[in-house]
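Student: Dropping the structure in here first, questions after.
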Amino acid sequence: MTSPRSASVVVALLAPMAFALCLALPSALGKPATGRIVGQLKVLAKGEPKSDSKGAFVYVVGYTEPPPRGAVPTIRQKDKAFDPALLAITAGQEVSFPNGDPFFHNVFSLSPARKFDLGQFKKGESKAKLFPNPGVIDVYCNIHPQMAATILVLPNRRFATTAADGKFAIEGVRAGTWSLFAYSRLAEKPVKTQVSVNAGATTEASLTIDETRDSLDHKNKYGEGYRNPAKYR
Amino acid sequence: MLLCAGGVSAASRTASWAHDTAVQPERGVELEQWITDEVEGDDSKIKLWWGPVVGITDNVEAALPLEITREQASGQTFLDGYGIDLRFRLVTSDPVLVGPFVPLLRVSAKRLVQDDAAELGGSAVLSIDATKRLHLILEAGMSGVTVGPVLESQFALAANYAVLEDVRLGAEAFAEQELDNPDGTRELWIAAGPTVAVTHGRFWVTLGAPFGLTKAGPRALPRVVWGIAF
């Protein structure tokens, strides 16, 4: 039988150990070890270097993360344009589409990854859509053919937009070997490279993407050409 | 049903008699028309249902039909009635978020011009996307006319299969049972037949060719239903 004295000795010995374990656990079981990726995306226009590489997205593929909490990403409809025209989000996030023009807009997508039609809505009204699965979703207005935007729905939160000189930095990338993609709306498809990220270290990467498309022509929501774009108001 | 939609909002009916569960998006407008040929003995009546269908919200649409009848025997054409048909889809229209079961409630009110009466009705519809291509519809409803009065219940069952992206082949059966009638009869009318549904961009058309299976009611009821979205 254990005496009260010996029990208190055991507690006195175990308590500091338990305390030390509690301090060590978060780093051992909590956040995974991460590093960062920095680099430069060279953007070409039909093979010729562009002076401004701003606005392309670079993103990591290979693992999933839950979407961030907080503000809902927004694509505004203003002056018959979507703003921003390219948005990256994490799968599971909603995007809101407020109408800031004094006339009706529609928002629809025929992209296989996410078909939807938000109907028509007037100034001041806003509709939202959930994007539960990764994919590239092209978004248009059925009334105004000049309106086009793209939503990159990504598997995690590790993405960044490029500066005018093409430089980018992605923080908090889980240690491991991943695919690094770059996406521009006028390129036929994203470009890819492999990166190995070490905990606490910076990995450098460089990519080149060629914008070979002249425009982003599209059909209306019924799969037809817009009848007379000049007449749409 | 969405499998056969060329666009994202073609609110097609995949059966000619049973109502379906797709509704117009908010402020979406579609012109819908039904032409029914009721063949009974040597006589036939051609009935036209014509009206706009407007998306009130993404889940509620209203149809404002005008109904015209042409009696072949008498050679008369007359305005049969007009009214409103409200359809409440009880789950989201989002194809990613919606499950295989889609319930819809329908209520209608109609003025019967020839009888100087009113008809009130409603039904509950359940569509089931059993697979990506197989679409089932169950409908049960009731309607009553103020003159008489006449009260009857209706039942419909439809199944169709997407043989191509925009083409569906199927069959449907429907029944009307009189519940209350001044002449004391309680007639039961059952009809069944094949259906073809085609979607082409903003346009869809569904053809049904049911035949009467009971003594009461028309011998054949070919119907063409079409809609065009704006």
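Lettering and numbering for the structure tokens are positional, with chains as A, B, ... in the shown order, residues counted from 1 in each chain, and ligands counted from 1 in the shown order.
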Provide as a PyMOL selection string the residues of chain A at most 8 Å from chain B, counting only C-alpha atoms.

Tutor: chain A and resi 108-110+114-121+221-224

Student: Which residues are near Val102 (chain B)? Cut-off 8 Å, only C-alpha atoms, ignore same chain within fewer than 5 positions. Put them as a VMD selection string.

Tutor: chain B and resid 21 89 to 91 126 to 128

Student: Taking into account only C-alpha atoms, which residue in the set B:Val147, B:Ile137, B:Val198, B:Val98 is nearest to Ala173 (chain B)?

Tutor: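 Using only C-alpha atoms, the shortest distance to Ala173 (chain B) belongs to B:Ile137.
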
Student: Skip Ser153 (chain B) itself and residues of its chain fewer than 6 positions away, then list as a list in words all residues within 9 Å of it, counting only C-alpha atoms.

Tutor: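 The neighbour list is Ala140, Gly141, Met142, Ser143, Gly144, Ala175, Glu176, Gln177, Glu178 and Leu179 of chain B.
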
Student: Store the residues picked out above in a file with N, CA and C atoms, as a PDB file, in the first residue's frame.

Tutor:
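The result, stored in out_4.pdb:
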```pdb
ATOM      1  N   ALA B 140     -48.202  13.767 -56.627  1.00  0.00           N
ATOM      2  CA  ALA B 140     -49.551  13.514 -56.108  1.00  0.00           C
ATOM      3  C   ALA B 140     -50.204  14.851 -55.843  1.00  0.00           C
ATOM      4  N   GLY B 141     -51.439  15.016 -56.326  1.00  0.00           N
ATOM      5  CA  GLY B 141     -52.087  16.304 -56.172  1.00  0.00           C
ATOM      6  C   GLY B 141     -53.583  16.199 -56.047  1.00  0.00           C
ATOM      7  N   MET B 142     -54.186  17.356 -55.894  1.00  0.00           N
ATOM      8  CA  MET B 142     -55.638  17.414 -55.738  1.00  0.00           C
ATOM      9  C   MET B 142     -56.133  18.715 -56.340  1.00  0.00           C
ATOM     10  N   SER B 143     -57.325  18.703 -56.902  1.00  0.00           N
ATOM     11  CA  SER B 143     -57.903  19.942 -57.416  1.00  0.00           C
ATOM     12  C   SER B 143     -59.409  19.923 -57.202  1.00  0.00           C
ATOM     13  N   GLY B 144     -59.951  21.116 -57.089  1.00  0.00           N
ATOM     14  CA  GLY B 144     -61.392  21.241 -56.896  1.00  0.00           C
ATOM     15  C   GLY B 144     -61.946  22.396 -57.690  1.00  0.00           C
ATOM     16  N   ALA B 175     -52.881   9.225 -63.336  1.00  0.00           N
ATOM     17  CA  ALA B 175     -54.254   8.814 -63.037  1.00  0.00           C
ATOM     18  C   ALA B 175     -54.998   9.982 -62.410  1.00  0.00           C
ATOM     19  N   GLU B 176     -56.298  10.041 -62.691  1.00  0.00           N
ATOM     20  CA  GLU B 176     -57.176  11.010 -62.028  1.00  0.00           C
ATOM     21  C   GLU B 176     -58.340  10.240 -61.410  1.00  0.00           C
ATOM     22  N   GLN B 177     -58.565  10.484 -60.158  1.00  0.00           N
ATOM     23  CA  GLN B 177     -59.657   9.816 -59.438  1.00  0.00           C
ATOM     24  C   GLN B 177     -60.633  10.875 -58.939  1.00  0.00           C
ATOM     25  N   GLU B 178     -61.876  10.770 -59.395  1.00  0.00           N
ATOM     26  CA  GLU B 178     -62.896  11.696 -58.890  1.00  0.00           C
ATOM     27  C   GLU B 178     -63.238  11.336 -57.453  1.00  0.00           C
ATOM     28  N   LEU B 179     -63.264  12.351 -56.602  1.00  0.00           N
ATOM     29  CA  LEU B 179     -63.579  12.117 -55.188  1.00  0.00           C
ATOM     30  C   LEU B 179     -64.986  12.584 -54.850  1.00  0.00           C
TER      31      LEU B 179
END
```

Student: Write out as a Markdown table the residues of region 131-228 of chain A that have any atom within 7 Å of an atom of region 43-60 of chain A, one row each with the nearest atom pair and its distance in Å to one decimal, counting only C-alpha atoms, sorted by chain and then rising number.

Tutor:
```
| residue | atom | partner | partner_atom | distance |
| --- | --- | --- | --- | --- |
| A:Arg158 | CA | A:Val60 | CA | 5.7 |
| A:Phe159 | CA | A:Tyr59 | CA | 4.1 |
| A:Ala160 | CA | A:Val58 | CA | 5.4 |
| A:Thr161 | CA | A:Phe57 | CA | 4.5 |
| A:Thr162 | CA | A:Lys54 | CA | 5.2 |
| A:Ala163 | CA | A:Lys54 | CA | 4.6 |
| A:Ala164 | CA | A:Lys54 | CA | 4.1 |
| A:Asp165 | CA | A:Ser53 | CA | 5.8 |
| A:Gly166 | CA | A:Ser53 | CA | 4.9 |
| A:Trp178 | CA | A:Val60 | CA | 6.6 |
| A:Ser179 | CA | A:Val60 | CA | 5.8 |
| A:Leu180 | CA | A:Val60 | CA | 4.7 |
| A:Phe181 | CA | A:Tyr59 | CA | 5.3 |
| A:Ala182 | CA | A:Val58 | CA | 4.3 |
| A:Tyr183 | CA | A:Phe57 | CA | 5.3 |
| A:Ser184 | CA | A:Ala56 | CA | 5.0 |
| A:Thr208 | CA | A:Val43 | CA | 5.9 |
| A:Ile209 | CA | A:Val43 | CA | 5.1 |
| A:Asp210 | CA | A:Leu44 | CA | 4.5 |
| A:Glu211 | CA | A:Ala45 | CA | 4.8 |
| A:Thr212 | CA | A:Lys46 | CA | 4.9 |
```

Student: For a test of reading the model, state the distance in Å between CA of Val150 (chain B) and CA of Val107 (chain B), rounded to one decimal.

Tutor: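 Calculated distance between CA of Val150 (chain B) and CA of Val107 (chain B) is 17.4 Å.
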
Student: Within region 36-204 of chain A, find each residue whose DSSP state, derived from the backbone, is strand (DSSP E), and express the selection as a ChimeraX atom specification.

Tutor: /A:36-45,48-49,57-61,76-78,81-83,86-90,93-98,105-109,116-121,126-131,135-140,148-154,159-161,167-174,176-183,191-197,202-204

Student: Just give me the gap between CA of Val107 (chain A) and CA of Leu105 (chain B) in Å, one decimal is fine.

Tutor: 27.0 Å

Student: Determine, counting only C-alpha atoms, which protein, DNA and RNA residues have an atom within 8 Å of an atom of region 206-209 of chain B; residues of the same chain fewer than 5 positions away are not included. Present the result as a VMD selection string.

Tutor: chain B and resid 13 to 17 192 to 198 220 to 226

Student: Using only C-alpha atoms, determine which residues lie at most 6 Å from region 126-135 of chain A, disregarding the query and same-chain residues fewer than 3 positions distant; provide the list as an mmCIF file with all heavy atoms, in the first residue's frame.

Tutor:
```
data_model
loop_
_atom_site.group_PDB
_atom_site.id
_atom_site.type_symbol
_atom_site.label_atom_id
_atom_site.label_comp_id
_atom_site.auth_asym_id
_atom_site.auth_seq_id
_atom_site.Cartn_x
_atom_site.Cartn_y
_atom_site.Cartn_z
ATOM 1 N N ALA A 91 -10.512 25.677 -51.628
ATOM 2 C CA ALA A 91 -11.736 24.873 -51.728
ATOM 3 C C ALA A 91 -12.491 24.904 -50.408
ATOM 4 O O ALA A 91 -11.899 24.702 -49.344
ATOM 5 C CB ALA A 91 -11.380 23.443 -52.112
ATOM 6 N N GLY A 92 -13.794 25.158 -50.499
ATOM 7 C CA GLY A 92 -14.613 25.271 -49.293
ATOM 8 C C GLY A 92 -14.982 26.709 -48.984
ATOM 9 O O GLY A 92 -15.776 26.964 -48.074
ATOM 10 N N GLN A 93 -14.424 27.655 -49.752
ATOM 11 C CA GLN A 93 -14.752 29.069 -49.526
ATOM 12 C C GLN A 93 -15.914 29.507 -50.406
ATOM 13 O O GLN A 93 -16.146 28.941 -51.478
ATOM 14 C CB GLN A 93 -13.544 29.962 -49.843
ATOM 15 C CG GLN A 93 -12.552 30.076 -48.699
ATOM 16 C CD GLN A 93 -11.517 31.152 -48.955
ATOM 17 O OE1 GLN A 93 -10.627 30.990 -49.775
ATOM 18 N NE2 GLN A 93 -11.622 32.264 -48.241
ATOM 19 N N GLU A 94 -16.597 30.545 -49.949
ATOM 20 C CA GLU A 94 -17.650 31.179 -50.710
ATOM 21 C C GLU A 94 -17.084 32.418 -51.381
ATOM 22 O O GLU A 94 -16.159 33.021 -50.864
ATOM 23 C CB GLU A 94 -18.767 31.624 -49.762
ATOM 24 C CG GLU A 94 -20.070 30.932 -49.984
ATOM 25 C CD GLU A 94 -21.164 31.488 -49.083
ATOM 26 O OE1 GLU A 94 -21.056 32.599 -48.547
ATOM 27 O OE2 GLU A 94 -22.119 30.760 -48.919
ATOM 28 N N VAL A 95 -17.655 32.791 -52.510
ATOM 29 C CA VAL A 95 -17.308 34.057 -53.149
ATOM 30 C C VAL A 95 -18.597 34.854 -53.299
ATOM 31 O O VAL A 95 -19.619 34.307 -53.733
ATOM 32 C CB VAL A 95 -16.660 33.834 -54.532
ATOM 33 C CG1 VAL A 95 -16.411 35.168 -55.234
ATOM 34 C CG2 VAL A 95 -15.340 33.073 -54.389
ATOM 35 N N SER A 96 -18.567 36.130 -52.945
ATOM 36 C CA SER A 96 -19.762 36.956 -53.128
ATOM 37 C C SER A 96 -19.582 37.815 -54.377
ATOM 38 O O SER A 96 -18.457 38.174 -54.746
ATOM 39 C CB SER A 96 -20.027 37.830 -51.906
ATOM 40 O OG SER A 96 -19.047 38.832 -51.798
ATOM 41 N N PHE A 97 -20.717 38.117 -55.016
ATOM 42 C CA PHE A 97 -20.710 38.860 -56.279
ATOM 43 C C PHE A 97 -21.647 40.068 -56.153
ATOM 44 O O PHE A 97 -22.785 40.032 -56.631
ATOM 45 C CB PHE A 97 -21.185 37.961 -57.422
ATOM 46 C CG PHE A 97 -20.318 36.753 -57.671
ATOM 47 C CD1 PHE A 97 -20.584 35.554 -57.024
ATOM 48 C CD2 PHE A 97 -19.251 36.808 -58.540
ATOM 49 C CE1 PHE A 97 -19.797 34.429 -57.246
ATOM 50 C CE2 PHE A 97 -18.454 35.690 -58.768
ATOM 51 C CZ PHE A 97 -18.729 34.504 -58.118
ATOM 52 N N PRO A 98 -21.228 41.151 -55.519
ATOM 53 C CA PRO A 98 -22.106 42.326 -55.411
ATOM 54 C C PRO A 98 -22.173 43.097 -56.737
ATOM 55 O O PRO A 98 -21.172 43.196 -57.449
ATOM 56 C CB PRO A 98 -21.431 43.164 -54.318
ATOM 57 C CG PRO A 98 -20.009 42.748 -54.314
ATOM 58 C CD PRO A 98 -19.960 41.327 -54.799
ATOM 59 N N ALA A 113 -16.057 22.128 -63.677
ATOM 60 C CA ALA A 113 -15.757 22.032 -62.238
ATOM 61 C C ALA A 113 -16.839 22.663 -61.374
ATOM 62 O O ALA A 113 -16.960 22.331 -60.192
ATOM 63 C CB ALA A 113 -14.412 22.695 -61.950
ATOM 64 N N VAL A 153 -9.866 27.707 -57.732
ATOM 65 C CA VAL A 153 -10.211 27.074 -56.453
ATOM 66 C C VAL A 153 -9.107 26.066 -56.156
ATOM 67 O O VAL A 153 -8.960 25.054 -56.856
ATOM 68 C CB VAL A 153 -11.595 26.403 -56.504
ATOM 69 C CG1 VAL A 153 -11.975 25.891 -55.119
ATOM 70 C CG2 VAL A 153 -12.649 27.375 -57.020
ATOM 71 N N LEU A 154 -8.328 26.368 -55.126
ATOM 72 C CA LEU A 154 -7.083 25.622 -54.874
ATOM 73 C C LEU A 154 -7.233 24.704 -53.663
ATOM 74 O O LEU A 154 -8.074 24.939 -52.787
ATOM 75 C CB LEU A 154 -5.937 26.616 -54.676
ATOM 76 C CG LEU A 154 -5.738 27.562 -55.874
ATOM 77 C CD1 LEU A 154 -4.720 28.639 -55.558
ATOM 78 C CD2 LEU A 154 -5.311 26.778 -57.117
ATOM 79 N N PRO A 155 -6.409 23.669 -53.588
ATOM 80 C CA PRO A 155 -6.586 22.694 -52.498
ATOM 81 C C PRO A 155 -6.089 23.187 -51.142
ATOM 82 O O PRO A 155 -6.395 22.585 -50.126
ATOM 83 C CB PRO A 155 -5.753 21.497 -52.975
ATOM 84 C CG PRO A 155 -4.763 22.067 -53.915
ATOM 85 C CD PRO A 155 -5.412 23.240 -54.571
#
```

Student: Write out as a list in words the residues lying within 10 Å of Ala205 (chain A), counting only C-alpha atoms and excluding same-chain residues fewer than 5 positions away.

Tutor: Ile37, Val38, Gly39, Gln40, Leu41, Phe168, Ala169, Leu180, Thr193, Gln194, Val195 and Ser196 of chain A

Student: Please save C-alpha atoms of the selected residues as a JSON list (two decimals), in the first residue's frame.

Tutor:
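Listed below is the output, part.json:
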```json
[["chain", "number", "residue", "atom", "x", "y", "z"],
["A", 37, "ILE", "CA", 9.06, 29.46, -51.56],
["A", 38, "VAL", "CA", 10.31, 32.58, -53.31],
["A", 39, "GLY", "CA", 10.98, 33.10, -56.95],
["A", 40, "GLN", "CA", 10.10, 34.79, -60.17],
["A", 41, "LEU", "CA", 7.53, 34.09, -62.84],
["A", 168, "PHE", "CA", 6.44, 36.09, -55.60],
["A", 169, "ALA", "CA", 6.74, 34.62, -52.10],
["A", 180, "LEU", "CA", 4.38, 24.49, -57.97],
["A", 193, "THR", "CA", 7.66, 22.68, -61.68],
["A", 194, "GLN", "CA", 8.65, 20.54, -58.69],
["A", 195, "VAL", "CA", 9.91, 22.12, -55.47],
["A", 196, "SER", "CA", 11.40, 20.57, -52.33]]
```

Student: Would you mind listing what lies within 9 Å of region 181-189 of chain B as a list in words, with only C-alpha atoms counted and same-chain residues fewer than 4 positions away left out?

Tutor: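 Close residues of region 181-189 of chain B: Gly148, Pro149, Val150, Leu151, Glu152, Phe174, Ala175, Glu176, Gln177, Gly212, Leu213, Thr214, Lys215, Ala216, Gly217 and Pro218 of chain B.
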
Student: Would you save the residues of that selection, restricted to N, CA and C atoms, as a PDB file, in the first residue's frame?

Tutor:
```pdb
ATOM      1  N   GLY B 148     -70.335  22.687 -59.137  1.00  0.00           N
ATOM      2  CA  GLY B 148     -70.576  21.247 -58.987  1.00  0.00           C
ATOM      3  C   GLY B 148     -70.830  20.874 -57.556  1.00  0.00           C
ATOM      4  N   PRO B 149     -69.871  20.893 -56.652  1.00  0.00           N
ATOM      5  CA  PRO B 149     -68.446  21.027 -56.972  1.00  0.00           C
ATOM      6  C   PRO B 149     -67.862  19.685 -57.373  1.00  0.00           C
ATOM      7  N   VAL B 150     -66.717  19.745 -58.044  1.00  0.00           N
ATOM      8  CA  VAL B 150     -66.005  18.527 -58.446  1.00  0.00           C
ATOM      9  C   VAL B 150     -64.656  18.526 -57.754  1.00  0.00           C
ATOM     10  N   LEU B 151     -64.365  17.420 -57.129  1.00  0.00           N
ATOM     11  CA  LEU B 151     -63.082  17.286 -56.436  1.00  0.00           C
ATOM     12  C   LEU B 151     -62.398  16.032 -56.947  1.00  0.00           C
ATOM     13  N   GLU B 152     -61.140  16.158 -57.306  1.00  0.00           N
ATOM     14  CA  GLU B 152     -60.436  14.962 -57.779  1.00  0.00           C
ATOM     15  C   GLU B 152     -58.979  14.978 -57.346  1.00  0.00           C
ATOM     16  N   PHE B 174     -50.158   8.308 -65.479  1.00  0.00           N
ATOM     17  CA  PHE B 174     -50.849   9.214 -64.577  1.00  0.00           C
ATOM     18  C   PHE B 174     -52.299   8.788 -64.430  1.00  0.00           C
ATOM     19  N   ALA B 175     -52.881   9.225 -63.336  1.00  0.00           N
ATOM     20  CA  ALA B 175     -54.254   8.814 -63.037  1.00  0.00           C
ATOM     21  C   ALA B 175     -54.998   9.982 -62.410  1.00  0.00           C
ATOM     22  N   GLU B 176     -56.298  10.041 -62.691  1.00  0.00           N
ATOM     23  CA  GLU B 176     -57.176  11.010 -62.028  1.00  0.00           C
ATOM     24  C   GLU B 176     -58.340  10.240 -61.410  1.00  0.00           C
ATOM     25  N   GLN B 177     -58.565  10.484 -60.158  1.00  0.00           N
ATOM     26  CA  GLN B 177     -59.657   9.816 -59.438  1.00  0.00           C
ATOM     27  C   GLN B 177     -60.633  10.875 -58.939  1.00  0.00           C
ATOM     28  N   GLY B 212     -55.135   5.964 -73.073  1.00  0.00           N
ATOM     29  CA  GLY B 212     -56.042   5.684 -71.970  1.00  0.00           C
ATOM     30  C   GLY B 212     -56.115   4.188 -71.694  1.00  0.00           C
ATOM     31  N   LEU B 213     -56.044   3.829 -70.444  1.00  0.00           N
ATOM     32  CA  LEU B 213     -56.087   2.417 -70.051  1.00  0.00           C
ATOM     33  C   LEU B 213     -57.421   2.054 -69.392  1.00  0.00           C
ATOM     34  N   THR B 214     -58.265   3.041 -69.193  1.00  0.00           N
ATOM     35  CA  THR B 214     -59.552   2.776 -68.557  1.00  0.00           C
ATOM     36  C   THR B 214     -60.679   3.201 -69.500  1.00  0.00           C
ATOM     37  N   LYS B 215     -61.892   2.738 -69.193  1.00  0.00           N
ATOM     38  CA  LYS B 215     -63.039   3.089 -70.033  1.00  0.00           C
ATOM     39  C   LYS B 215     -63.286   4.589 -70.010  1.00  0.00           C
ATOM     40  N   ALA B 216     -63.170   5.150 -68.820  1.00  0.00           N
ATOM     41  CA  ALA B 216     -63.423   6.583 -68.682  1.00  0.00           C
ATOM     42  C   ALA B 216     -62.252   7.372 -69.252  1.00  0.00           C
ATOM     43  N   GLY B 217     -62.564   8.565 -69.754  1.00  0.00           N
ATOM     44  CA  GLY B 217     -61.507   9.465 -70.196  1.00  0.00           C
ATOM     45  C   GLY B 217     -61.098   9.248 -71.636  1.00  0.00           C
ATOM     46  N   PRO B 218     -60.246  10.126 -72.135  1.00  0.00           N
ATOM     47  CA  PRO B 218     -59.823  10.055 -73.534  1.00  0.00           C
ATOM     48  C   PRO B 218     -59.070   8.764 -73.867  1.00  0.00           C
TER      49      PRO B 218
END
```

Student: B:Glu30, B:Ala191, B:His19, B:Ser12: which is nearest Leu138 (chain B), counting only C-alpha atoms?

Tutor: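 Ranking B:Glu30, B:Ala191, B:His19, B:Ser12 by distance to Leu138 (chain B), first place goes to B:His19.
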
Student: Identify, with DSSP run on backbone atoms, the residues in region 26-175 of chain A assigned to alpha helix (DSSP H), and express the list as a ChimeraX atom specification.

Tutor: /A:26-29

Student: The selected residues should be written to file as a PDB file, in the first residue's frame (atoms: C-alpha atoms).

Tutor:
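Just written: selection_23.pdb:
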```
ATOM      1  CA  PRO A  26       2.292  21.718 -29.674  1.00  0.00           C
ATOM      2  CA  SER A  27       5.525  21.761 -31.621  1.00  0.00           C
ATOM      3  CA  ALA A  28       5.571  17.982 -31.891  1.00  0.00           C
ATOM      4  CA  LEU A  29       1.883  17.415 -32.772  1.00  0.00           C
TER       5      LEU A  29
END
```
